[in-house]
Amino acid sequence: MLEIKNYTKKYGNFTAVDNLSLTANSGEIYGFIGHNGAGKSTTIKSIVGTLAFEGGDILIDGMSVKTNPLECKKITAYVPDNPDIYEYLTGIQYLNFVCDIFGIGNAQRNEKIARYSSLFEIQGNLGDLISSYSHGMKQKLVLISALIHDPKFLVLDEPFVGLDPIASHNLKEIMKEICAKGGTIFFSTHVLEVAEKLCDRVGIIKGGKLVAEGKVKDIVGDKNLESIFLEIEKND
């Protein structure tokens, strides 16, 4: 589903990500791990088409984000690390706006909105202005807007930040459901325990380079993901 080929992103003379290559397969939850400034969000923004890049290519379902950006976006959903959304709209207005963009009919949108707003426990707040929402409520609204068109490829940047335990649990179950249907999830997180339990494979990025990649059980061995990550961070 996702294939990154020799991806390179520079800011002037600074190379933020250097010759990165990885693959996330259909039916797979892929964890993208690294410290702040390692290149995670830069890579994710290029995957979803909000950040241009100089070297290599990124393919989603065989389509290049460079040459077929609209087709890639049709099957992709993105939840950024900061839920920056239109605060002058109500929650339901925002969700209907997203549904209009993806051409979702009334019956499907009503069913999806009812299901996900109930799961994330904000159904009673959809009539309120987004400006009145807490960070966690905004995060839930963005998650609903990402799930509402049944994306084949879901990209999440620190999705559990701001979520309460029930919402976190429900999100994990939804992620598993998507992958069971053949979808792919690519997400970054600092919560290594969650990544270890949830992911099929992980990639660890350091200083803009992929330094470890593979199945969780192969990378962890008889240790845990946190200890492996700390070892990598200590070694130059």
# chains A, B, ... in the order shown; residues from 1 in each chain; ligands from 1

call {"tool": "closest_atom_pairs", "arguments": {"of": "stretch 3-98 of chain A", "to": "stretch 172-184 of chain A", "cutoff": "6 Å", "atoms": "only C-alpha atoms", "output": "tab-separated table"}}
result
residue	atom	partner	partner_atom	distance
A:Ser26	CA	A:Thr184	CA	5.1
A:Gly27	CA	A:Cys179	CA	4.2
A:Glu28	CA	A:Thr184	CA	5.2

call {"tool": "select_by_dssp", "arguments": {"residues": "stretch 119-205 of chain A", "states": "alpha helix (DSSP H)", "output": "PyMOL selection string"}}
result
chain A and resi 119+135-147+165-180+192-198

call {"tool": "residues_around", "arguments": {"residues": "A:Thr23", "least_positions_apart": "5", "cutoff": "7 Å", "atoms": "only C-alpha atoms", "output": "list in words"}}
result
Leu2, Glu3 and Ile4 of chain A

call {"tool": "atom_distance", "arguments": {"atom1": "atom CA of A:Ala146", "atom2": "atom CA of A:Ser64"}}
result
21.0 Å

call {"tool": "closest_residue", "arguments": {"among": "A:Pro159, A:Pro80, A:Gly136, A:Gly203", "to": "A:Ile219", "atoms": "only C-alpha atoms"}}
result
A:Gly203

call {"tool": "closest_residue", "arguments": {"among": "A:Phe53, A:Tyr116, A:Phe153, A:Phe102", "to": "A:Lys9", "atoms": "only C-alpha atoms"}}
result
A:Phe53

call {"tool": "residues_around", "arguments": {"residues": "A:Tyr133", "least_positions_apart": "3", "cutoff": "12 Å", "atoms": "only C-alpha atoms", "output": "compact mmCIF listing (two decimals) with all heavy atoms, in the first residue's frame"}}
result
# COMPACT_ATOMS: atom_id res chain seq x y z
N PRO A 83 -4.54 18.99 16.10
CA PRO A 83 -5.85 19.10 15.44
C PRO A 83 -6.24 20.55 15.15
O PRO A 83 -7.04 21.15 15.86
CB PRO A 83 -6.79 18.45 16.47
CG PRO A 83 -6.14 18.69 17.78
CD PRO A 83 -4.66 18.64 17.52
N ASP A 84 -5.68 21.11 14.09
CA ASP A 84 -5.92 22.49 13.71
C ASP A 84 -7.08 22.53 12.72
O ASP A 84 -6.89 22.24 11.53
CB ASP A 84 -4.65 23.05 13.05
CG ASP A 84 -4.29 24.43 13.55
OD1 ASP A 84 -5.04 24.95 14.37
OD2 ASP A 84 -3.28 24.97 13.10
N ILE A 85 -8.27 22.87 13.16
CA ILE A 85 -9.45 22.82 12.29
C ILE A 85 -10.25 24.11 12.40
O ILE A 85 -9.95 24.97 13.21
CB ILE A 85 -10.33 21.59 12.61
CG1 ILE A 85 -10.52 21.45 14.13
CG2 ILE A 85 -9.74 20.33 12.05
CD1 ILE A 85 -11.34 20.24 14.54
N TYR A 86 -11.28 24.22 11.54
CA TYR A 86 -12.06 25.45 11.44
C TYR A 86 -12.90 25.69 12.69
O TYR A 86 -13.97 25.09 12.85
CB TYR A 86 -12.95 25.40 10.21
CG TYR A 86 -12.19 25.16 8.93
CD1 TYR A 86 -12.42 24.03 8.16
CD2 TYR A 86 -11.24 26.08 8.47
CE1 TYR A 86 -11.74 23.80 6.97
CE2 TYR A 86 -10.54 25.86 7.29
CZ TYR A 86 -10.80 24.72 6.54
OH TYR A 86 -10.11 24.51 5.38
N GLU A 87 -12.46 26.60 13.53
CA GLU A 87 -13.11 26.78 14.83
C GLU A 87 -14.42 27.54 14.75
O GLU A 87 -15.19 27.54 15.71
CB GLU A 87 -12.14 27.47 15.79
CG GLU A 87 -10.90 26.64 16.11
CD GLU A 87 -10.21 27.08 17.38
OE1 GLU A 87 -10.39 28.25 17.78
OE2 GLU A 87 -9.50 26.24 17.98
N TYR A 88 -14.71 28.18 13.60
CA TYR A 88 -15.96 28.93 13.47
C TYR A 88 -17.12 28.03 13.01
O TYR A 88 -18.25 28.48 12.88
CB TYR A 88 -15.79 30.10 12.49
CG TYR A 88 -15.31 29.69 11.12
CD1 TYR A 88 -16.20 29.27 10.14
CD2 TYR A 88 -13.95 29.74 10.81
CE1 TYR A 88 -15.75 28.88 8.89
CE2 TYR A 88 -13.50 29.36 9.55
CZ TYR A 88 -14.41 28.94 8.61
OH TYR A 88 -13.96 28.56 7.36
N LEU A 89 -16.82 26.75 12.76
CA LEU A 89 -17.86 25.78 12.42
C LEU A 89 -18.26 24.99 13.67
O LEU A 89 -17.49 24.89 14.63
CB LEU A 89 -17.35 24.80 11.36
CG LEU A 89 -16.98 25.34 9.99
CD1 LEU A 89 -16.43 24.22 9.12
CD2 LEU A 89 -18.17 26.00 9.31
N THR A 90 -19.44 24.41 13.63
CA THR A 90 -19.80 23.45 14.66
C THR A 90 -19.21 22.10 14.27
O THR A 90 -18.79 21.89 13.12
CB THR A 90 -21.33 23.32 14.79
OG1 THR A 90 -21.87 22.78 13.57
CG2 THR A 90 -21.98 24.66 15.10
N GLY A 91 -19.21 21.17 15.21
CA GLY A 91 -18.67 19.84 14.92
C GLY A 91 -19.39 19.17 13.76
O GLY A 91 -18.77 18.60 12.87
N ILE A 122 -18.71 12.08 21.74
CA ILE A 122 -18.89 13.53 21.53
C ILE A 122 -20.20 13.82 20.79
O ILE A 122 -20.38 14.93 20.27
CB ILE A 122 -17.70 14.18 20.77
CG1 ILE A 122 -17.57 13.61 19.36
CG2 ILE A 122 -16.41 14.05 21.54
CD1 ILE A 122 -16.64 14.47 18.48
N GLY A 124 -23.04 14.46 21.86
CA GLY A 124 -23.76 15.58 22.46
C GLY A 124 -23.12 16.93 22.24
O GLY A 124 -23.71 17.96 22.60
N ASN A 125 -21.93 16.95 21.63
CA ASN A 125 -21.22 18.22 21.41
C ASN A 125 -21.12 18.61 19.94
O ASN A 125 -20.51 19.63 19.61
CB ASN A 125 -19.80 18.10 21.97
CG ASN A 125 -19.77 17.73 23.44
OD1 ASN A 125 -19.53 16.58 23.78
ND2 ASN A 125 -20.05 18.69 24.30
N LEU A 126 -21.71 17.83 19.05
CA LEU A 126 -21.56 18.11 17.62
C LEU A 126 -22.23 19.42 17.20
O LEU A 126 -21.86 20.01 16.18
CB LEU A 126 -22.11 16.95 16.79
CG LEU A 126 -21.33 15.63 16.87
CD1 LEU A 126 -21.97 14.58 15.97
CD2 LEU A 126 -19.86 15.85 16.48
N GLY A 127 -23.21 19.87 17.98
CA GLY A 127 -23.86 21.15 17.66
C GLY A 127 -23.13 22.36 18.19
O GLY A 127 -23.52 23.50 17.91
N ASP A 128 -22.05 22.15 18.94
CA ASP A 128 -21.29 23.25 19.53
C ASP A 128 -20.20 23.72 18.58
O ASP A 128 -19.69 22.96 17.75
CB ASP A 128 -20.63 22.80 20.84
CG ASP A 128 -21.64 22.32 21.87
OD1 ASP A 128 -22.81 22.76 21.79
OD2 ASP A 128 -21.27 21.51 22.73
N LEU A 129 -19.82 24.99 18.73
CA LEU A 129 -18.70 25.52 17.94
C LEU A 129 -17.41 24.79 18.32
O LEU A 129 -17.16 24.51 19.49
CB LEU A 129 -18.54 27.01 18.18
CG LEU A 129 -19.57 27.93 17.52
CD1 LEU A 129 -19.37 29.37 18.02
CD2 LEU A 129 -19.44 27.89 15.99
N ILE A 130 -16.59 24.51 17.31
CA ILE A 130 -15.32 23.83 17.56
C ILE A 130 -14.42 24.67 18.47
O ILE A 130 -13.60 24.12 19.22
CB ILE A 130 -14.63 23.50 16.23
CG1 ILE A 130 -15.47 22.48 15.45
CG2 ILE A 130 -13.23 22.95 16.44
CD1 ILE A 130 -15.01 22.23 14.03
N GLY A 136 -8.68 17.39 23.45
CA GLY A 136 -9.10 16.01 23.26
C GLY A 136 -10.33 15.88 22.38
O GLY A 136 -10.43 14.97 21.55
N MET A 137 -11.28 16.80 22.54
CA MET A 137 -12.49 16.77 21.71
C MET A 137 -12.17 17.08 20.26
O MET A 137 -12.73 16.47 19.34
CB MET A 137 -13.52 17.75 22.27
CG MET A 137 -14.14 17.31 23.59
SD MET A 137 -15.15 18.61 24.35
CE MET A 137 -16.45 18.80 23.13
N LYS A 138 -11.26 18.02 20.04
CA LYS A 138 -10.84 18.32 18.67
C LYS A 138 -10.15 17.10 18.04
O LYS A 138 -10.37 16.80 16.86
CB LYS A 138 -9.89 19.52 18.66
CG LYS A 138 -10.55 20.84 18.98
CD LYS A 138 -9.52 21.98 18.99
CE LYS A 138 -10.16 23.30 19.35
NZ LYS A 138 -9.16 24.40 19.44
N GLN A 139 -9.35 16.41 18.84
CA GLN A 139 -8.68 15.21 18.35
C GLN A 139 -9.70 14.16 17.94
O GLN A 139 -9.56 13.50 16.89
CB GLN A 139 -7.73 14.67 19.42
CG GLN A 139 -6.93 13.45 19.00
CD GLN A 139 -5.77 13.78 18.07
OE1 GLN A 139 -5.64 14.90 17.61
NE2 GLN A 139 -4.95 12.79 17.80
N LYS A 140 -10.73 13.99 18.75
CA LYS A 140 -11.77 13.02 18.42
C LYS A 140 -12.51 13.41 17.14
O LYS A 140 -12.82 12.56 16.29
CB LYS A 140 -12.76 12.92 19.58
CG LYS A 140 -12.19 12.30 20.85
CD LYS A 140 -13.21 12.30 21.98
CE LYS A 140 -12.65 11.69 23.25
NZ LYS A 140 -13.64 11.69 24.36
N LEU A 141 -12.80 14.70 16.98
CA LEU A 141 -13.50 15.16 15.78
C LEU A 141 -12.67 14.92 14.53
O LEU A 141 -13.19 14.48 13.50
CB LEU A 141 -13.85 16.65 15.92
CG LEU A 141 -14.76 17.23 14.83
CD1 LEU A 141 -16.16 16.64 14.95
CD2 LEU A 141 -14.81 18.75 14.91
N VAL A 142 -11.37 15.20 14.61
CA VAL A 142 -10.49 14.97 13.47
C VAL A 142 -10.42 13.48 13.14
O VAL A 142 -10.40 13.09 11.96
CB VAL A 142 -9.09 15.55 13.74
CG1 VAL A 142 -8.11 15.14 12.66
CG2 VAL A 142 -9.15 17.07 13.83

call {"tool": "residues_around", "arguments": {"residues": "stretch 32-34 of chain A", "least_positions_apart": "4", "cutoff": "10 Å", "atoms": "only C-alpha atoms", "output": "compact mmCIF listing (two decimals) with N, CA and C atoms, in the first residue's frame"}}
result
# COMPACT_ATOMS: atom_id res chain seq x y z
N ALA A 38 13.54 13.86 14.54
CA ALA A 38 14.20 12.77 13.81
C ALA A 38 13.80 12.72 12.34
N GLY A 39 12.65 13.34 12.01
CA GLY A 39 12.18 13.34 10.62
C GLY A 39 10.84 12.66 10.42
N LYS A 40 10.16 12.30 11.51
CA LYS A 40 8.89 11.59 11.40
C LYS A 40 7.80 12.45 10.74
N SER A 41 7.54 13.62 11.33
CA SER A 41 6.46 14.46 10.81
C SER A 41 6.77 14.97 9.41
N THR A 43 8.42 13.34 7.09
CA THR A 43 8.10 12.21 6.20
C THR A 43 6.60 12.07 6.03
N ILE A 44 5.87 12.13 7.13
CA ILE A 44 4.42 11.97 7.08
C ILE A 44 3.77 13.05 6.23
N LEU A 156 -1.52 8.49 10.70
CA LEU A 156 -1.79 9.11 12.00
C LEU A 156 -0.48 9.59 12.62
N ASP A 157 -0.42 10.85 12.98
CA ASP A 157 0.76 11.42 13.62
C ASP A 157 0.44 11.66 15.09
N GLU A 158 0.97 10.83 15.96
CA GLU A 158 0.70 10.89 17.40
C GLU A 158 -0.80 10.91 17.70
N PHE A 186 -0.37 3.68 8.94
CA PHE A 186 1.00 4.13 9.16
C PHE A 186 0.92 5.22 10.21
N PHE A 187 1.53 4.98 11.38
CA PHE A 187 1.39 5.99 12.43
C PHE A 187 2.67 6.16 13.24
N SER A 188 2.83 7.38 13.73
CA SER A 188 3.96 7.68 14.61
C SER A 188 3.45 7.78 16.04
N THR A 189 4.31 7.42 16.97
CA THR A 189 3.94 7.52 18.38
C THR A 189 5.21 7.54 19.23
N HIS A 190 5.11 8.24 20.37
CA HIS A 190 6.17 8.18 21.37
C HIS A 190 5.85 7.14 22.44
N VAL A 191 4.65 6.59 22.38
CA VAL A 191 4.24 5.60 23.37
C VAL A 191 4.68 4.23 22.86
N LEU A 192 5.88 3.82 23.23
CA LEU A 192 6.49 2.62 22.64
C LEU A 192 5.77 1.35 23.07
N ALA A 195 3.02 0.92 20.59
CA ALA A 195 3.56 0.48 19.30
C ALA A 195 3.92 -1.00 19.33
N CYS A 199 1.50 -2.83 16.68
CA CYS A 199 2.05 -2.83 15.32
C CYS A 199 2.47 -4.22 14.84
N ARG A 201 4.71 -4.18 12.13
CA ARG A 201 6.11 -3.84 11.86
C ARG A 201 6.36 -2.41 12.30
N VAL A 202 7.63 -2.13 12.55
CA VAL A 202 8.04 -0.78 12.94
C VAL A 202 9.29 -0.37 12.19
N GLY A 203 9.44 0.93 12.04
CA GLY A 203 10.66 1.51 11.52
C GLY A 203 11.13 2.57 12.48
N ILE A 204 12.42 2.57 12.79
CA ILE A 204 12.99 3.56 13.73
C ILE A 204 13.87 4.52 12.94
N ILE A 205 13.56 5.80 13.03
CA ILE A 205 14.31 6.82 12.31
C ILE A 205 15.13 7.65 13.30
N LYS A 206 16.36 7.94 12.91
CA LYS A 206 17.26 8.73 13.75
C LYS A 206 18.09 9.64 12.86
N GLY A 207 18.05 10.93 13.15
CA GLY A 207 18.82 11.87 12.35
C GLY A 207 18.47 11.84 10.88
N GLY A 208 17.20 11.58 10.57
CA GLY A 208 16.75 11.56 9.19
C GLY A 208 17.04 10.29 8.44
N LEU A 210 16.73 5.88 8.38
CA LEU A 210 16.11 4.68 8.94
C LEU A 210 17.20 3.77 9.48
N VAL A 211 17.19 3.54 10.80
CA VAL A 211 18.27 2.78 11.43
C VAL A 211 17.85 1.38 11.84
N ALA A 212 16.55 1.10 11.86
CA ALA A 212 16.06 -0.25 12.15
C ALA A 212 14.68 -0.38 11.55
N GLU A 213 14.37 -1.57 11.03
CA GLU A 213 13.08 -1.77 10.39
C GLU A 213 12.78 -3.25 10.31
N PHE A 229 14.92 0.90 21.50
CA PHE A 229 14.95 2.30 21.07
C PHE A 229 16.02 3.08 21.84
N ILE A 232 19.50 2.27 20.60
CA ILE A 232 19.76 2.93 19.32
C ILE A 232 20.07 4.40 19.53
N GLU A 233 19.33 5.05 20.42
CA GLU A 233 19.55 6.47 20.68
C GLU A 233 20.90 6.74 21.33

call {"tool": "closest_residue", "arguments": {"among": "A:Ser117, A:Leu143, A:Thr8, A:Asp81", "to": "A:Ala52", "atoms": "only C-alpha atoms"}}
result
A:Thr8

call {"tool": "select_by_dssp", "arguments": {"residues": "stretch 94-233 of chain A", "states": "strand (DSSP E)", "output": "CSV table (one decimal) with N, CA and C atoms, in the first residue's frame"}}
result
chain,number,residue,atom,x,y,z
A,153,PHE,N,-6.1,3.8,3.3
A,153,PHE,CA,-4.7,4.1,3.9
A,153,PHE,C,-4.9,5.2,4.9
A,154,LEU,N,-4.6,4.9,6.1
A,154,LEU,CA,-4.8,5.9,7.2
A,154,LEU,C,-3.4,6.3,7.8
A,155,VAL,N,-3.1,7.6,7.8
A,155,VAL,CA,-1.9,8.1,8.3
A,155,VAL,C,-2.1,8.9,9.6
A,156,LEU,N,-1.5,8.5,10.7
A,156,LEU,CA,-1.8,9.1,12.0
A,156,LEU,C,-0.5,9.6,12.6
A,157,ASP,N,-0.4,10.9,13.0
A,157,ASP,CA,0.8,11.4,13.6
A,157,ASP,C,0.4,11.7,15.1
A,184,THR,N,-4.4,-0.2,5.4
A,184,THR,CA,-3.1,-0.1,5.9
A,184,THR,C,-3.1,1.1,6.8
A,185,ILE,N,-2.4,1.0,8.0
A,185,ILE,CA,-2.2,2.2,8.9
A,185,ILE,C,-0.7,2.4,9.1
A,186,PHE,N,-0.4,3.7,8.9
A,186,PHE,CA,1.0,4.1,9.2
A,186,PHE,C,0.9,5.2,10.2
A,187,PHE,N,1.5,5.0,11.4
A,187,PHE,CA,1.4,6.0,12.4
A,187,PHE,C,2.7,6.2,13.2
A,188,SER,N,2.8,7.4,13.7
A,188,SER,CA,4.0,7.7,14.6
A,188,SER,C,3.4,7.8,16.0
A,201,ARG,N,4.7,-4.2,12.1
A,201,ARG,CA,6.1,-3.8,11.9
A,201,ARG,C,6.4,-2.4,12.3
A,202,VAL,N,7.6,-2.1,12.6
A,202,VAL,CA,8.0,-0.8,12.9
A,202,VAL,C,9.3,-0.4,12.2
A,203,GLY,N,9.4,0.9,12.0
A,203,GLY,CA,10.7,1.5,11.5
A,203,GLY,C,11.1,2.6,12.5
A,204,ILE,N,12.4,2.6,12.8
A,204,ILE,CA,13.0,3.6,13.7
A,204,ILE,C,13.9,4.5,12.9
A,205,ILE,N,13.6,5.8,13.0
A,205,ILE,CA,14.3,6.8,12.3
A,205,ILE,C,15.1,7.6,13.3
A,206,LYS,N,16.4,7.9,12.9
A,206,LYS,CA,17.3,8.7,13.8
A,206,LYS,C,18.1,9.6,12.9
A,209,LYS,N,17.6,9.3,9.1
A,209,LYS,CA,17.9,8.0,8.5
A,209,LYS,C,17.2,6.9,9.2
A,210,LEU,N,16.7,5.9,8.4
A,210,LEU,CA,16.1,4.7,8.9
A,210,LEU,C,17.2,3.8,9.5
A,211,VAL,N,17.2,3.5,10.8
A,211,VAL,CA,18.3,2.8,11.4
A,211,VAL,C,17.8,1.4,11.8
A,212,ALA,N,16.6,1.1,11.9
A,212,ALA,CA,16.1,-0.2,12.2
A,212,ALA,C,14.7,-0.4,11.6
A,213,GLU,N,14.4,-1.6,11.0
A,213,GLU,CA,13.1,-1.8,10.4
A,213,GLU,C,12.8,-3.3,10.3
A,214,GLY,N,11.5,-3.6,10.6
A,214,GLY,CA,11.2,-5.0,10.5
A,214,GLY,C,10.0,-5.4,11.3
A,215,LYS,N,9.7,-6.7,11.4
A,215,LYS,CA,8.6,-7.1,12.3
A,215,LYS,C,9.0,-6.8,13.8

call {"tool": "closest_residue", "arguments": {"among": "A:Ala24, A:Ala114, A:Ala16, A:Ala167", "to": "A:Asp200", "atoms": "only C-alpha atoms"}}
result
A:Ala24

call {"tool": "decode", "arguments": {"residues": "stretch 22-33 of chain A", "atoms": "all heavy atoms", "output": "tab-separated table (two decimals), in the first residue's frame"}}
result
chain	number	residue	atom	x	y	z
A	22	LEU	N	11.10	2.47	2.67
A	22	LEU	CA	10.38	1.48	3.47
A	22	LEU	C	9.07	1.14	2.79
A	22	LEU	O	8.62	1.85	1.88
A	22	LEU	CB	10.14	1.99	4.90
A	22	LEU	CG	9.33	3.27	5.13
A	22	LEU	CD1	7.81	2.97	5.10
A	22	LEU	CD2	9.68	3.89	6.46
A	23	THR	N	8.44	0.06	3.25
A	23	THR	CA	7.17	-0.40	2.69
A	23	THR	C	6.23	-0.79	3.82
A	23	THR	O	6.63	-1.47	4.77
A	23	THR	CB	7.38	-1.62	1.77
A	23	THR	OG1	8.25	-1.26	0.70
A	23	THR	CG2	6.05	-2.08	1.18
A	24	ALA	N	4.97	-0.32	3.71
A	24	ALA	CA	3.91	-0.75	4.62
A	24	ALA	C	2.87	-1.48	3.78
A	24	ALA	O	2.31	-0.92	2.83
A	24	ALA	CB	3.29	0.44	5.33
A	25	ASN	N	2.62	-2.74	4.09
A	25	ASN	CA	1.78	-3.60	3.26
A	25	ASN	C	0.31	-3.51	3.63
A	25	ASN	O	-0.06	-3.05	4.71
A	25	ASN	CB	2.25	-5.05	3.40
A	25	ASN	CG	3.69	-5.22	2.98
A	25	ASN	OD1	4.10	-4.80	1.90
A	25	ASN	ND2	4.49	-5.84	3.85
A	26	SER	N	-0.54	-3.96	2.73
A	26	SER	CA	-1.98	-4.02	2.99
A	26	SER	C	-2.23	-4.93	4.19
A	26	SER	O	-1.59	-5.98	4.35
A	26	SER	CB	-2.72	-4.56	1.77
A	26	SER	OG	-2.59	-3.67	0.67
A	27	GLY	N	-3.17	-4.54	5.04
A	27	GLY	CA	-3.52	-5.31	6.22
A	27	GLY	C	-2.54	-5.17	7.36
A	27	GLY	O	-2.57	-5.96	8.31
A	28	GLU	N	-1.70	-4.14	7.31
A	28	GLU	CA	-0.61	-3.99	8.27
A	28	GLU	C	-0.70	-2.68	9.03
A	28	GLU	O	-1.04	-1.64	8.46
A	28	GLU	CB	0.71	-4.06	7.51
A	28	GLU	CG	1.96	-4.15	8.34
A	28	GLU	CD	3.17	-4.45	7.46
A	28	GLU	OE1	3.64	-3.55	6.74
A	28	GLU	OE2	3.64	-5.60	7.49
A	29	ILE	N	-0.39	-2.74	10.32
A	29	ILE	CA	-0.21	-1.53	11.12
A	29	ILE	C	1.30	-1.31	11.26
A	29	ILE	O	2.01	-2.17	11.81
A	29	ILE	CB	-0.85	-1.65	12.52
A	29	ILE	CG1	-2.35	-1.88	12.40
A	29	ILE	CG2	-0.58	-0.39	13.34
A	29	ILE	CD1	-3.05	-2.06	13.75
A	30	TYR	N	1.76	-0.19	10.74
A	30	TYR	CA	3.20	0.10	10.71
A	30	TYR	C	3.48	1.28	11.64
A	30	TYR	O	2.90	2.36	11.50
A	30	TYR	CB	3.63	0.45	9.29
A	30	TYR	CG	5.13	0.55	9.08
A	30	TYR	CD1	5.81	-0.45	8.39
A	30	TYR	CD2	5.86	1.62	9.57
A	30	TYR	CE1	7.18	-0.38	8.18
A	30	TYR	CE2	7.23	1.70	9.38
A	30	TYR	CZ	7.89	0.71	8.68
A	30	TYR	OH	9.26	0.78	8.49
A	31	GLY	N	4.36	1.07	12.61
A	31	GLY	CA	4.73	2.12	13.55
A	31	GLY	C	6.01	2.82	13.13
A	31	GLY	O	7.01	2.16	12.86
A	32	PHE	N	5.96	4.13	13.09
A	32	PHE	CA	7.11	4.96	12.68
A	32	PHE	C	7.60	5.69	13.92
A	32	PHE	O	6.91	6.55	14.46
A	32	PHE	CB	6.66	5.93	11.59
A	32	PHE	CG	7.76	6.56	10.81
A	32	PHE	CD1	8.84	5.82	10.35
A	32	PHE	CD2	7.71	7.91	10.49
A	32	PHE	CE1	9.85	6.41	9.60
A	32	PHE	CE2	8.70	8.51	9.74
A	32	PHE	CZ	9.78	7.75	9.29
A	33	ILE	N	8.81	5.35	14.37
A	33	ILE	CA	9.27	5.75	15.69
A	33	ILE	C	10.56	6.56	15.60
A	33	ILE	O	11.44	6.26	14.79
A	33	ILE	CB	9.49	4.51	16.57
A	33	ILE	CG1	8.17	3.74	16.75
A	33	ILE	CG2	10.07	4.87	17.93
A	33	ILE	CD1	8.35	2.35	17.29
